[in-house]
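*Asks:* Have a look at this one.
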Amino acid sequence: LAAPEEAARAAGQEAANARDLDALSARLADFSHAPFRDMAQHFLFSAGAPGARLMVFDAAPGATEEASGEAFSGSSAALLDNMLRAIGFDRQSACLAYVSPWRPPGDKPLTEQEATIFAPFARRHVELARPEVLLLFGETPARILLETSEPLSKLRGKSFEIRCGDHATRAFVFSSLDAMLKSPALKPAAWRDLRKAAAALEASAENAQL
């Protein structure tokens, strides 16, 4: 195994050399330094509509996805579907992606070193997909794509403009889907932020018509 710093540099080179989403998926699938690559049964890059106006990032597939081989297919994905419907989207009109396309053993959270290796691929994914609005669920996607070490509690409820390569997008941070399933008290705040994201999408559409 390569040292984490070496693996992260190699990840950056591989991601930068991907010219489109298919190439990025193939390069990540073949990236020998990727954590969990040889431990999971399925490579689950994304679901939904590549290049959609709205993009979602979760940390990694879970046990249901690993068993089914289908990205975003568990109970947390059902919650996500409901959230998307609430703002007029579904899987045919949104892009759903993971930081790690492989399920971590035991569904453990990604360590900082593991997230650093996946980060170039996640950021390149955003750059190539070019969403207008990005929804980040949980600490790992938020820290990678906002490039921050701030805790989730200080990131929720805000709107961020982020740049991935030559693409700028508006991002909103949410508690993880699993956390919201376990703690329904988190849902009202998520609903408020979801409405802000919907307003940002509407504003973007209006500006495009001007």
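In the structure tokens, the first chain shown is A, the next is B, and so on; residue numbers restart at 1 for each chain, and ligands run from 1 in the order shown.
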Would you kindly return, as a CSV table (one decimal) with all heavy atoms, in the first residue's frame, each protein, DNA or RNA residue with an atom no farther than 9 Å from any atom of Pro4 (chain A), considering only C-alpha atoms and excluding same-chain residues fewer than 5 positions away?
*Replies:*
chain,number,residue,atom,x,y,z
A,9,ARG,N,-1.7,12.1,-3.8
A,9,ARG,CA,-1.1,12.8,-5.0
A,9,ARG,C,-1.5,12.0,-6.2
A,9,ARG,O,-1.8,12.6,-7.2
A,9,ARG,CB,0.4,12.9,-4.8
A,9,ARG,CG,0.9,14.0,-3.9
A,9,ARG,CD,2.4,14.2,-4.1
A,9,ARG,NE,3.2,13.0,-3.7
A,9,ARG,CZ,3.7,12.8,-2.5
A,9,ARG,NH1,3.4,13.6,-1.5
A,9,ARG,NH2,4.4,11.7,-2.3
A,33,HIS,N,-4.9,2.4,-5.1
A,33,HIS,CA,-4.6,2.9,-3.8
A,33,HIS,C,-5.9,3.3,-3.0
A,33,HIS,O,-5.9,3.8,-1.9
A,33,HIS,CB,-3.8,4.2,-3.8
A,33,HIS,CG,-2.5,4.0,-4.5
A,33,HIS,ND1,-1.6,2.9,-4.2
A,33,HIS,CD2,-1.8,4.7,-5.4
A,33,HIS,CE1,-0.5,3.0,-5.0
A,33,HIS,NE2,-0.6,4.1,-5.7
A,113,GLN,N,-7.6,10.4,6.6
A,113,GLN,CA,-6.7,10.0,5.5
A,113,GLN,C,-7.4,9.3,4.3
A,113,GLN,O,-7.1,9.6,3.2
A,113,GLN,CB,-5.7,9.0,6.1
A,113,GLN,CG,-4.6,9.6,7.0
A,113,GLN,CD,-3.6,8.6,7.5
A,113,GLN,OE1,-3.8,7.4,7.4
A,113,GLN,NE2,-2.5,9.1,7.9
A,114,GLU,N,-8.4,8.5,4.7
A,114,GLU,CA,-9.2,7.9,3.6
A,114,GLU,C,-10.0,9.0,2.8
A,114,GLU,O,-10.0,8.9,1.6
A,114,GLU,CB,-10.2,6.9,4.2
A,114,GLU,CG,-9.5,5.7,4.8
A,114,GLU,CD,-10.4,4.9,5.8
A,114,GLU,OE1,-11.5,5.4,6.1
A,114,GLU,OE2,-10.0,3.8,6.1
A,116,THR,N,-9.1,12.0,2.4
A,116,THR,CA,-8.2,12.8,1.6
A,116,THR,C,-7.9,12.1,0.3
A,116,THR,O,-7.7,12.8,-0.8
A,116,THR,CB,-6.9,13.0,2.4
A,116,THR,OG1,-7.2,13.8,3.6
A,116,THR,CG2,-5.8,13.8,1.6
A,117,ILE,N,-7.8,10.8,0.3
A,117,ILE,CA,-7.6,10.0,-1.0
A,117,ILE,C,-8.7,10.1,-2.0
A,117,ILE,O,-8.5,10.3,-3.2
A,117,ILE,CB,-7.2,8.6,-0.6
A,117,ILE,CG1,-5.9,8.5,0.1
A,117,ILE,CG2,-7.1,7.7,-1.9
A,117,ILE,CD1,-5.6,7.1,0.7
*Asks:* Do you know which residues are at most 12 Å from Ala67 (chain A) counting only C-alpha atoms, after dropping those on the same chain fewer than 6 positions away, and could you put them as a ChimeraX atom specification?
*Replies:* /A:40-44,61,73-74,102-103
*Asks:* Go ahead and save the picked residues with N, CA, C and O atoms, as an mmCIF file, in the first residue's frame.
*Replies:*
data_model
loop_
_atom_site.group_PDB
_atom_site.id
_atom_site.type_symbol
_atom_site.label_atom_id
_atom_site.label_comp_id
_atom_site.auth_asym_id
_atom_site.auth_seq_id
_atom_site.Cartn_x
_atom_site.Cartn_y
_atom_site.Cartn_z
ATOM 1 N N ALA A 40 -15.020 -4.496 -0.792
ATOM 2 C CA ALA A 40 -16.442 -4.409 -1.112
ATOM 3 C C ALA A 40 -16.763 -5.221 -2.364
ATOM 4 O O ALA A 40 -15.907 -5.451 -3.214
ATOM 5 N N GLN A 41 -18.017 -5.619 -2.474
ATOM 6 C CA GLN A 41 -18.441 -6.408 -3.634
ATOM 7 C C GLN A 41 -18.794 -5.542 -4.838
ATOM 8 O O GLN A 41 -18.682 -5.993 -5.977
ATOM 9 N N HIS A 42 -19.227 -4.319 -4.576
ATOM 10 C CA HIS A 42 -19.767 -3.495 -5.659
ATOM 11 C C HIS A 42 -19.102 -2.123 -5.711
ATOM 12 O O HIS A 42 -18.832 -1.517 -4.679
ATOM 13 N N PHE A 43 -18.879 -1.652 -6.916
ATOM 14 C CA PHE A 43 -18.419 -0.292 -7.182
ATOM 15 C C PHE A 43 -19.641 0.526 -7.554
ATOM 16 O O PHE A 43 -20.278 0.297 -8.582
ATOM 17 N N LEU A 44 -20.009 1.479 -6.697
ATOM 18 C CA LEU A 44 -21.240 2.245 -6.875
ATOM 19 C C LEU A 44 -20.872 3.718 -7.005
ATOM 20 O O LEU A 44 -20.752 4.432 -6.011
ATOM 21 N N PRO A 61 -21.763 3.984 0.221
ATOM 22 C CA PRO A 61 -22.877 3.034 0.265
ATOM 23 C C PRO A 61 -22.935 2.335 1.620
ATOM 24 O O PRO A 61 -21.933 2.256 2.337
ATOM 25 N N SER A 73 -30.132 2.764 -2.369
ATOM 26 C CA SER A 73 -31.288 1.864 -2.364
ATOM 27 C C SER A 73 -31.763 1.507 -0.961
ATOM 28 O O SER A 73 -32.730 0.771 -0.819
ATOM 29 N N GLY A 74 -31.126 2.009 0.091
ATOM 30 C CA GLY A 74 -31.512 1.662 1.450
ATOM 31 C C GLY A 74 -32.575 2.586 2.016
ATOM 32 O O GLY A 74 -33.151 3.434 1.327
ATOM 33 N N TRP A 102 -17.231 2.524 -2.653
ATOM 34 C CA TRP A 102 -17.221 1.208 -2.023
ATOM 35 C C TRP A 102 -17.699 1.324 -0.577
ATOM 36 O O TRP A 102 -17.371 2.300 0.122
ATOM 37 N N ARG A 103 -18.432 0.335 -0.100
ATOM 38 C CA ARG A 103 -18.888 0.346 1.283
ATOM 39 C C ARG A 103 -17.710 0.112 2.220
ATOM 40 O O ARG A 103 -16.974 -0.861 2.072
#
*Asks:* From the list A:Phe45, A:Gly106, A:Asn82, A:Phe57, which residue is nearest Arg143 (chain A) when using only C-alpha atoms?
*Replies:*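 For Arg143 (chain A), the nearest of the given residues is A:Phe57.
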*Asks:* Need to verify the contact set: Phe121 (chain A), 10 Å, only C-alpha atoms, exclusion of same-chain residues closer than 2 positions in sequence. Can you return it as a PyMOL selection string?
*Replies:* chain A and resi 11-16+18+24-25+27-28+99-100+116-119+123-127
*Asks:* Please produce a file of those selected residues containing N, CA, C and O atoms, as a PDB file, in the first residue's frame.
*Replies:*
ATOM      1  N   ALA A  11      -4.094  10.135  -6.582  1.00  0.00           N
ATOM      2  CA  ALA A  11      -5.520  10.351  -6.803  1.00  0.00           C
ATOM      3  C   ALA A  11      -5.755  11.671  -7.533  1.00  0.00           C
ATOM      4  O   ALA A  11      -6.589  11.753  -8.443  1.00  0.00           O
ATOM      5  N   GLY A  12      -5.029  12.697  -7.129  1.00  0.00           N
ATOM      6  CA  GLY A  12      -5.162  13.984  -7.790  1.00  0.00           C
ATOM      7  C   GLY A  12      -4.812  13.915  -9.267  1.00  0.00           C
ATOM      8  O   GLY A  12      -5.495  14.508 -10.109  1.00  0.00           O
ATOM      9  N   GLN A  13      -3.754  13.183  -9.591  1.00  0.00           N
ATOM     10  CA  GLN A  13      -3.347  13.043 -10.988  1.00  0.00           C
ATOM     11  C   GLN A  13      -4.381  12.273 -11.794  1.00  0.00           C
ATOM     12  O   GLN A  13      -4.737  12.661 -12.913  1.00  0.00           O
ATOM     13  N   GLU A  14      -4.877  11.176 -11.216  1.00  0.00           N
ATOM     14  CA  GLU A  14      -5.876  10.364 -11.914  1.00  0.00           C
ATOM     15  C   GLU A  14      -7.153  11.161 -12.161  1.00  0.00           C
ATOM     16  O   GLU A  14      -7.715  11.129 -13.254  1.00  0.00           O
ATOM     17  N   ALA A  15      -7.620  11.853 -11.131  1.00  0.00           N
ATOM     18  CA  ALA A  15      -8.851  12.624 -11.269  1.00  0.00           C
ATOM     19  C   ALA A  15      -8.697  13.732 -12.305  1.00  0.00           C
ATOM     20  O   ALA A  15      -9.582  13.953 -13.141  1.00  0.00           O
ATOM     21  N   ALA A  16      -7.576  14.441 -12.272  1.00  0.00           N
ATOM     22  CA  ALA A  16      -7.356  15.553 -13.197  1.00  0.00           C
ATOM     23  C   ALA A  16      -7.299  15.077 -14.642  1.00  0.00           C
ATOM     24  O   ALA A  16      -7.663  15.829 -15.562  1.00  0.00           O
ATOM     25  N   ALA A  18      -9.087  12.737 -15.977  1.00  0.00           N
ATOM     26  CA  ALA A  18     -10.390  12.277 -16.473  1.00  0.00           C
ATOM     27  C   ALA A  18     -11.057  13.400 -17.246  1.00  0.00           C
ATOM     28  O   ALA A  18     -11.265  14.489 -16.726  1.00  0.00           O
ATOM     29  N   LEU A  24     -13.867   9.388 -15.418  1.00  0.00           N
ATOM     30  CA  LEU A  24     -13.625   9.531 -13.981  1.00  0.00           C
ATOM     31  C   LEU A  24     -14.048   8.267 -13.240  1.00  0.00           C
ATOM     32  O   LEU A  24     -13.320   7.773 -12.369  1.00  0.00           O
ATOM     33  N   SER A  25     -15.208   7.740 -13.585  1.00  0.00           N
ATOM     34  CA  SER A  25     -15.685   6.503 -12.969  1.00  0.00           C
ATOM     35  C   SER A  25     -14.703   5.361 -13.219  1.00  0.00           C
ATOM     36  O   SER A  25     -14.357   4.602 -12.305  1.00  0.00           O
ATOM     37  N   ARG A  27     -11.458   5.529 -13.987  1.00  0.00           N
ATOM     38  CA  ARG A  27     -10.186   5.759 -13.305  1.00  0.00           C
ATOM     39  C   ARG A  27     -10.304   5.478 -11.810  1.00  0.00           C
ATOM     40  O   ARG A  27      -9.385   4.925 -11.199  1.00  0.00           O
ATOM     41  N   LEU A  28     -11.427   5.852 -11.202  1.00  0.00           N
ATOM     42  CA  LEU A  28     -11.603   5.570  -9.789  1.00  0.00           C
ATOM     43  C   LEU A  28     -11.752   4.069  -9.554  1.00  0.00           C
ATOM     44  O   LEU A  28     -11.177   3.527  -8.605  1.00  0.00           O
ATOM     45  N   VAL A  99     -18.825   9.863  -1.919  1.00  0.00           N
ATOM     46  CA  VAL A  99     -17.386  10.133  -1.803  1.00  0.00           C
ATOM     47  C   VAL A  99     -16.618   8.844  -2.049  1.00  0.00           C
ATOM     48  O   VAL A  99     -15.706   8.795  -2.870  1.00  0.00           O
ATOM     49  N   SER A 100     -16.961   7.787  -1.310  1.00  0.00           N
ATOM     50  CA  SER A 100     -16.383   6.469  -1.542  1.00  0.00           C
ATOM     51  C   SER A 100     -17.391   5.612  -2.286  1.00  0.00           C
ATOM     52  O   SER A 100     -18.509   5.418  -1.792  1.00  0.00           O
ATOM     53  N   THR A 116      -9.143  12.026   2.355  1.00  0.00           N
ATOM     54  CA  THR A 116      -8.175  12.799   1.568  1.00  0.00           C
ATOM     55  C   THR A 116      -7.858  12.108   0.251  1.00  0.00           C
ATOM     56  O   THR A 116      -7.655  12.766  -0.779  1.00  0.00           O
ATOM     57  N   ILE A 117      -7.840  10.786   0.254  1.00  0.00           N
ATOM     58  CA  ILE A 117      -7.557  10.042  -0.976  1.00  0.00           C
ATOM     59  C   ILE A 117      -8.726  10.144  -1.954  1.00  0.00           C
ATOM     60  O   ILE A 117      -8.542  10.282  -3.168  1.00  0.00           O
ATOM     61  N   PHE A 118      -9.949  10.103  -1.420  1.00  0.00           N
ATOM     62  CA  PHE A 118     -11.119  10.185  -2.290  1.00  0.00           C
ATOM     63  C   PHE A 118     -11.430  11.618  -2.734  1.00  0.00           C
ATOM     64  O   PHE A 118     -12.142  11.824  -3.728  1.00  0.00           O
ATOM     65  N   ALA A 119     -10.922  12.600  -2.004  1.00  0.00           N
ATOM     66  CA  ALA A 119     -11.296  13.993  -2.250  1.00  0.00           C
ATOM     67  C   ALA A 119     -11.078  14.458  -3.693  1.00  0.00           C
ATOM     68  O   ALA A 119     -11.966  15.117  -4.267  1.00  0.00           O
ATOM     69  N   ARG A 123     -14.159  16.067  -5.941  1.00  0.00           N
ATOM     70  CA  ARG A 123     -14.140  17.432  -6.456  1.00  0.00           C
ATOM     71  C   ARG A 123     -14.161  17.443  -7.991  1.00  0.00           C
ATOM     72  O   ARG A 123     -14.819  18.289  -8.603  1.00  0.00           O
ATOM     73  N   ARG A 124     -13.476  16.516  -8.601  1.00  0.00           N
ATOM     74  CA  ARG A 124     -13.509  16.425 -10.063  1.00  0.00           C
ATOM     75  C   ARG A 124     -14.900  16.006 -10.540  1.00  0.00           C
ATOM     76  O   ARG A 124     -15.356  16.456 -11.604  1.00  0.00           O
ATOM     77  N   HIS A 125     -15.571  15.167  -9.747  1.00  0.00           N
ATOM     78  CA  HIS A 125     -16.933  14.770 -10.086  1.00  0.00           C
ATOM     79  C   HIS A 125     -17.833  16.004 -10.178  1.00  0.00           C
ATOM     80  O   HIS A 125     -18.614  16.160 -11.122  1.00  0.00           O
ATOM     81  N   VAL A 126     -17.712  16.895  -9.194  1.00  0.00           N
ATOM     82  CA  VAL A 126     -18.501  18.128  -9.224  1.00  0.00           C
ATOM     83  C   VAL A 126     -18.110  18.994 -10.416  1.00  0.00           C
ATOM     84  O   VAL A 126     -18.964  19.554 -11.108  1.00  0.00           O
ATOM     85  N   GLU A 127     -16.823  19.097 -10.665  1.00  0.00           N
ATOM     86  CA  GLU A 127     -16.355  19.938 -11.779  1.00  0.00           C
ATOM     87  C   GLU A 127     -16.905  19.451 -13.116  1.00  0.00           C
ATOM     88  O   GLU A 127     -17.322  20.256 -13.968  1.00  0.00           O
TER      89      GLU A 127
END
*Asks:* Could you give me the residues within region 10-64 of chain A that DSSP places in alpha helix (DSSP H), as a JSON list (two decimals) with C-alpha atoms, in the first residue's frame?
*Replies:*
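Full text of selection_29.json as output:
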[["chain", "number", "residue", "atom", "x", "y", "z"],
["A", 10, "ALA", "CA", -1.78, 9.85, -7.28],
["A", 11, "ALA", "CA", -5.52, 10.35, -6.80],
["A", 12, "GLY", "CA", -5.16, 13.98, -7.79],
["A", 13, "GLN", "CA", -3.35, 13.04, -10.99],
["A", 14, "GLU", "CA", -5.88, 10.36, -11.91],
["A", 15, "ALA", "CA", -8.85, 12.62, -11.27],
["A", 16, "ALA", "CA", -7.36, 15.55, -13.20],
["A", 21, "LEU", "CA", -17.72, 11.40, -16.00],
["A", 22, "ASP", "CA", -17.33, 7.99, -17.62],
["A", 23, "ALA", "CA", -13.56, 8.36, -17.60],
["A", 24, "LEU", "CA", -13.62, 9.53, -13.98],
["A", 25, "SER", "CA", -15.68, 6.50, -12.97],
["A", 26, "ALA", "CA", -13.30, 4.15, -14.80],
["A", 27, "ARG", "CA", -10.19, 5.76, -13.30],
["A", 28, "LEU", "CA", -11.60, 5.57, -9.79],
["A", 29, "ALA", "CA", -12.68, 1.94, -10.25],
["A", 63, "ALA", "CA", -25.23, -2.54, 3.86],
["A", 64, "THR", "CA", -28.39, -2.46, 1.72]]
*Asks:* Could you name the residues that touch Lys196 (chain A) at 12 Å or less, counting only C-alpha atoms, but leaving out those on the same chain fewer than 5 positions away, as an mmCIF file with N, CA, C and O atoms, in the first residue's frame?
*Replies:*
data_model
loop_
_atom_site.group_PDB
_atom_site.id
_atom_site.type_symbol
_atom_site.label_atom_id
_atom_site.label_comp_id
_atom_site.auth_asym_id
_atom_site.auth_seq_id
_atom_site.Cartn_x
_atom_site.Cartn_y
_atom_site.Cartn_z
ATOM 1 N N ILE A 87 -39.027 19.204 -3.143
ATOM 2 C CA ILE A 87 -38.611 20.400 -3.878
ATOM 3 C C ILE A 87 -38.705 20.195 -5.390
ATOM 4 O O ILE A 87 -38.077 20.902 -6.166
ATOM 5 N N VAL A 133 -26.612 23.500 -7.838
ATOM 6 C CA VAL A 133 -26.736 23.418 -6.382
ATOM 7 C C VAL A 133 -26.296 22.036 -5.928
ATOM 8 O O VAL A 133 -26.575 21.030 -6.582
ATOM 9 N N LEU A 134 -25.605 22.016 -4.796
ATOM 10 C CA LEU A 134 -25.022 20.799 -4.242
ATOM 11 C C LEU A 134 -25.538 20.602 -2.826
ATOM 12 O O LEU A 134 -25.485 21.517 -2.002
ATOM 13 N N LEU A 135 -26.052 19.407 -2.530
ATOM 14 C CA LEU A 135 -26.500 19.050 -1.189
ATOM 15 C C LEU A 135 -25.504 18.063 -0.593
ATOM 16 O O LEU A 135 -25.256 17.002 -1.178
ATOM 17 N N ARG A 156 -24.211 23.703 9.029
ATOM 18 C CA ARG A 156 -25.624 23.617 8.675
ATOM 19 C C ARG A 156 -26.289 24.996 8.760
ATOM 20 O O ARG A 156 -25.881 25.847 9.542
ATOM 21 N N GLY A 157 -27.304 25.178 7.942
ATOM 22 C CA GLY A 157 -28.050 26.427 7.980
ATOM 23 C C GLY A 157 -27.437 27.553 7.177
ATOM 24 O O GLY A 157 -27.960 28.670 7.182
ATOM 25 N N LYS A 158 -26.336 27.279 6.490
ATOM 26 C CA LYS A 158 -25.658 28.308 5.716
ATOM 27 C C LYS A 158 -25.607 27.919 4.242
ATOM 28 O O LYS A 158 -25.756 26.757 3.878
ATOM 29 N N SER A 159 -25.358 28.905 3.424
ATOM 30 C CA SER A 159 -25.156 28.695 1.996
ATOM 31 C C SER A 159 -23.701 28.997 1.675
ATOM 32 O O SER A 159 -23.156 30.006 2.130
ATOM 33 N N PHE A 160 -23.076 28.123 0.892
ATOM 34 C CA PHE A 160 -21.665 28.292 0.555
ATOM 35 C C PHE A 160 -21.492 28.321 -0.960
ATOM 36 O O PHE A 160 -22.095 27.519 -1.669
ATOM 37 N N ARG A 170 -23.348 26.433 -5.680
ATOM 38 C CA ARG A 170 -23.872 26.775 -4.361
ATOM 39 C C ARG A 170 -24.098 25.489 -3.580
ATOM 40 O O ARG A 170 -24.694 24.535 -4.095
ATOM 41 N N ALA A 171 -23.597 25.426 -2.338
ATOM 42 C CA ALA A 171 -23.667 24.196 -1.542
ATOM 43 C C ALA A 171 -24.396 24.427 -0.229
ATOM 44 O O ALA A 171 -24.282 25.496 0.385
ATOM 45 N N PHE A 172 -25.116 23.385 0.200
ATOM 46 C CA PHE A 172 -25.833 23.392 1.471
ATOM 47 C C PHE A 172 -25.487 22.111 2.220
ATOM 48 O O PHE A 172 -25.402 21.038 1.609
ATOM 49 N N VAL A 173 -25.312 22.223 3.525
ATOM 50 C CA VAL A 173 -24.859 21.099 4.350
ATOM 51 C C VAL A 173 -26.007 20.591 5.221
ATOM 52 O O VAL A 173 -26.733 21.384 5.833
ATOM 53 N N PHE A 174 -26.123 19.275 5.286
ATOM 54 C CA PHE A 174 -27.159 18.619 6.078
ATOM 55 C C PHE A 174 -26.522 17.579 6.998
ATOM 56 O O PHE A 174 -25.422 17.089 6.734
ATOM 57 N N ALA A 189 -34.794 21.268 10.834
ATOM 58 C CA ALA A 189 -33.691 22.102 10.351
ATOM 59 C C ALA A 189 -33.322 21.721 8.919
ATOM 60 O O ALA A 189 -33.022 22.584 8.089
ATOM 61 N N ALA A 190 -33.363 20.417 8.635
ATOM 62 C CA ALA A 190 -33.061 19.967 7.269
ATOM 63 C C ALA A 190 -34.094 20.510 6.289
ATOM 64 O O ALA A 190 -33.760 20.891 5.163
ATOM 65 N N TRP A 191 -35.350 20.557 6.700
ATOM 66 C CA TRP A 191 -36.405 21.076 5.833
ATOM 67 C C TRP A 191 -36.177 22.555 5.531
ATOM 68 O O TRP A 191 -36.333 23.002 4.384
ATOM 69 N N LEU A 201 -31.987 27.182 -6.438
ATOM 70 C CA LEU A 201 -32.230 26.606 -7.761
ATOM 71 C C LEU A 201 -33.163 27.490 -8.566
ATOM 72 O O LEU A 201 -32.957 27.700 -9.769
ATOM 73 N N GLU A 202 -34.199 28.009 -7.926
ATOM 74 C CA GLU A 202 -35.144 28.894 -8.621
ATOM 75 C C GLU A 202 -34.447 30.177 -9.076
ATOM 76 O O GLU A 202 -34.655 30.645 -10.200
ATOM 77 N N ALA A 203 -33.602 30.737 -8.198
ATOM 78 C CA ALA A 203 -32.883 31.947 -8.564
ATOM 79 C C ALA A 203 -31.934 31.703 -9.724
ATOM 80 O O ALA A 203 -31.788 32.538 -10.624
#
*Asks:* Which neighbours of Met55 (chain A) fall inside 6 Å, counting only C-alpha atoms, when residues of the same chain fewer than 5 positions from it are skipped, and could you give them as a list in words?
*Replies:*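 What passes the distance filter is Ala94, Cys95, Leu96, Pro131 and Leu134 of chain A.
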*Asks:* Taking only C-alpha atoms into account, which of A:Pro35, A:Gly88, A:Gly48, A:Gly69 comes nearest Leu194 (chain A)?
*Replies:*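 Closest to Leu194 (chain A), using only C-alpha atoms: A:Gly88.
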*Asks:* Run DSSP on the backbone and give me the residues of region 2-207 of chain A it puts in strand (DSSP E or B), as a compact mmCIF listing (two decimals) with N, CA, C and O atoms, in the first residue's frame.
*Replies:*
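After the write, states.txt holds the following:
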# COMPACT_ATOMS: atom_id res chain seq x y z
N SER A 46 -22.44 6.35 -8.84
CA SER A 46 -23.49 7.36 -8.74
C SER A 46 -24.81 6.76 -9.17
O SER A 46 -24.89 5.62 -9.62
N ALA A 47 -25.86 7.56 -9.02
CA ALA A 47 -27.19 7.17 -9.48
C ALA A 47 -27.88 8.44 -9.98
O ALA A 47 -27.40 9.55 -9.76
N GLY A 48 -29.02 8.26 -10.64
CA GLY A 48 -29.76 9.42 -11.10
C GLY A 48 -29.27 9.93 -12.44
O GLY A 48 -28.84 9.16 -13.29
N LEU A 54 -29.17 19.68 -9.93
CA LEU A 54 -29.06 19.40 -8.50
C LEU A 54 -28.23 18.14 -8.30
O LEU A 54 -28.49 17.11 -8.92
N MET A 55 -27.22 18.24 -7.42
CA MET A 55 -26.34 17.09 -7.14
C MET A 55 -26.29 16.85 -5.64
O MET A 55 -26.26 17.80 -4.84
N VAL A 56 -26.31 15.59 -5.28
CA VAL A 56 -26.28 15.16 -3.88
C VAL A 56 -25.01 14.36 -3.63
O VAL A 56 -24.62 13.53 -4.47
N PHE A 57 -24.35 14.61 -2.50
CA PHE A 57 -23.20 13.80 -2.10
C PHE A 57 -23.44 13.18 -0.74
O PHE A 57 -23.74 13.87 0.24
N ASP A 58 -23.30 11.85 -0.67
CA ASP A 58 -23.31 11.10 0.58
C ASP A 58 -21.91 10.52 0.76
O ASP A 58 -21.10 10.52 -0.18
N ALA A 94 -32.02 14.55 -10.70
CA ALA A 94 -30.93 14.89 -9.79
C ALA A 94 -29.83 13.85 -9.93
O ALA A 94 -30.08 12.70 -10.30
N CYS A 95 -28.62 14.26 -9.63
CA CYS A 95 -27.47 13.35 -9.64
C CYS A 95 -27.12 13.00 -8.20
O CYS A 95 -26.97 13.89 -7.36
N LEU A 96 -26.99 11.71 -7.90
CA LEU A 96 -26.68 11.23 -6.56
C LEU A 96 -25.31 10.57 -6.59
O LEU A 96 -25.06 9.69 -7.42
N ALA A 97 -24.42 10.98 -5.69
CA ALA A 97 -23.04 10.49 -5.74
C ALA A 97 -22.52 10.18 -4.35
O ALA A 97 -23.05 10.66 -3.34
N TYR A 98 -21.47 9.37 -4.32
CA TYR A 98 -20.79 9.01 -3.08
C TYR A 98 -19.36 9.54 -3.10
O TYR A 98 -18.72 9.59 -4.16
N VAL A 133 -26.61 23.50 -7.84
CA VAL A 133 -26.74 23.42 -6.38
C VAL A 133 -26.30 22.04 -5.93
O VAL A 133 -26.58 21.03 -6.58
N LEU A 134 -25.61 22.02 -4.80
CA LEU A 134 -25.02 20.80 -4.24
C LEU A 134 -25.54 20.60 -2.83
O LEU A 134 -25.48 21.52 -2.00
N LEU A 135 -26.05 19.41 -2.53
CA LEU A 135 -26.50 19.05 -1.19
C LEU A 135 -25.50 18.06 -0.59
O LEU A 135 -25.26 17.00 -1.18
N LEU A 136 -24.92 18.42 0.55
CA LEU A 136 -23.87 17.61 1.17
C LEU A 136 -24.41 17.00 2.45
O LEU A 136 -24.75 17.71 3.39
N PHE A 137 -24.46 15.68 2.51
CA PHE A 137 -25.04 14.98 3.65
C PHE A 137 -23.93 14.36 4.51
O PHE A 137 -23.27 13.40 4.10
N SER A 159 -25.36 28.90 3.42
CA SER A 159 -25.16 28.70 2.00
C SER A 159 -23.70 29.00 1.68
O SER A 159 -23.16 30.01 2.13
N PHE A 160 -23.08 28.12 0.89
CA PHE A 160 -21.66 28.29 0.55
C PHE A 160 -21.49 28.32 -0.96
O PHE A 160 -22.09 27.52 -1.67
N GLU A 161 -20.67 29.23 -1.43
CA GLU A 161 -20.25 29.17 -2.83
C GLU A 161 -18.90 28.47 -2.86
O GLU A 161 -17.95 28.91 -2.21
N ILE A 162 -18.83 27.37 -3.58
CA ILE A 162 -17.58 26.63 -3.66
C ILE A 162 -17.15 26.52 -5.12
O ILE A 162 -17.96 26.63 -6.03
N ARG A 163 -15.87 26.31 -5.31
CA ARG A 163 -15.32 26.16 -6.65
C ARG A 163 -14.55 24.85 -6.74
O ARG A 163 -13.67 24.58 -5.93
N CYS A 164 -14.93 24.05 -7.72
CA CYS A 164 -14.21 22.81 -8.02
C CYS A 164 -13.65 22.97 -9.43
O CYS A 164 -14.41 22.97 -10.40
N HIS A 167 -15.46 25.27 -12.09
CA HIS A 167 -16.90 25.34 -11.89
C HIS A 167 -17.24 25.82 -10.49
O HIS A 167 -16.75 25.28 -9.50
N ALA A 168 -18.09 26.83 -10.40
CA ALA A 168 -18.58 27.33 -9.11
C ALA A 168 -20.02 26.88 -8.91
O ALA A 168 -20.82 26.88 -9.85
N THR A 169 -20.34 26.50 -7.68
CA THR A 169 -21.68 26.03 -7.37
C THR A 169 -22.07 26.46 -5.96
O THR A 169 -21.21 26.81 -5.15
N ARG A 170 -23.35 26.43 -5.68
CA ARG A 170 -23.87 26.77 -4.36
C ARG A 170 -24.10 25.49 -3.58
O ARG A 170 -24.69 24.53 -4.09
N ALA A 171 -23.60 25.43 -2.34
CA ALA A 171 -23.67 24.20 -1.54
C ALA A 171 -24.40 24.43 -0.23
O ALA A 171 -24.28 25.50 0.39
N PHE A 172 -25.12 23.39 0.20
CA PHE A 172 -25.83 23.39 1.47
C PHE A 172 -25.49 22.11 2.22
O PHE A 172 -25.40 21.04 1.61
N VAL A 173 -25.31 22.22 3.53
CA VAL A 173 -24.86 21.10 4.35
C VAL A 173 -26.01 20.59 5.22
O VAL A 173 -26.73 21.38 5.83
N PHE A 174 -26.12 19.27 5.29
CA PHE A 174 -27.16 18.62 6.08
C PHE A 174 -26.52 17.58 7.00
O PHE A 174 -25.42 17.09 6.73
*Asks:* For the atom pair CA of Lys187 (chain A) and CA of Pro105 (chain A), what is the interatomic distance in Å to one decimal place?
*Replies:*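 Distance between the two atoms: 27.6 Å.
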*Asks:* Nearest residue to Leu181 (chain A) out of A:Ser76, A:Ser32, A:Asn17, A:Ser68, using only C-alpha atoms?
*Replies:*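 Of the candidates, the smallest distance to Leu181 (chain A) is held by A:Ser76.
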*Asks:* What does the structure give for the distance between CA of Phe36 (chain A) and CA of Ser183 (chain A), in Å to one decimal?
*Replies:*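 Computing it gives 28.3 Å between the two atoms.
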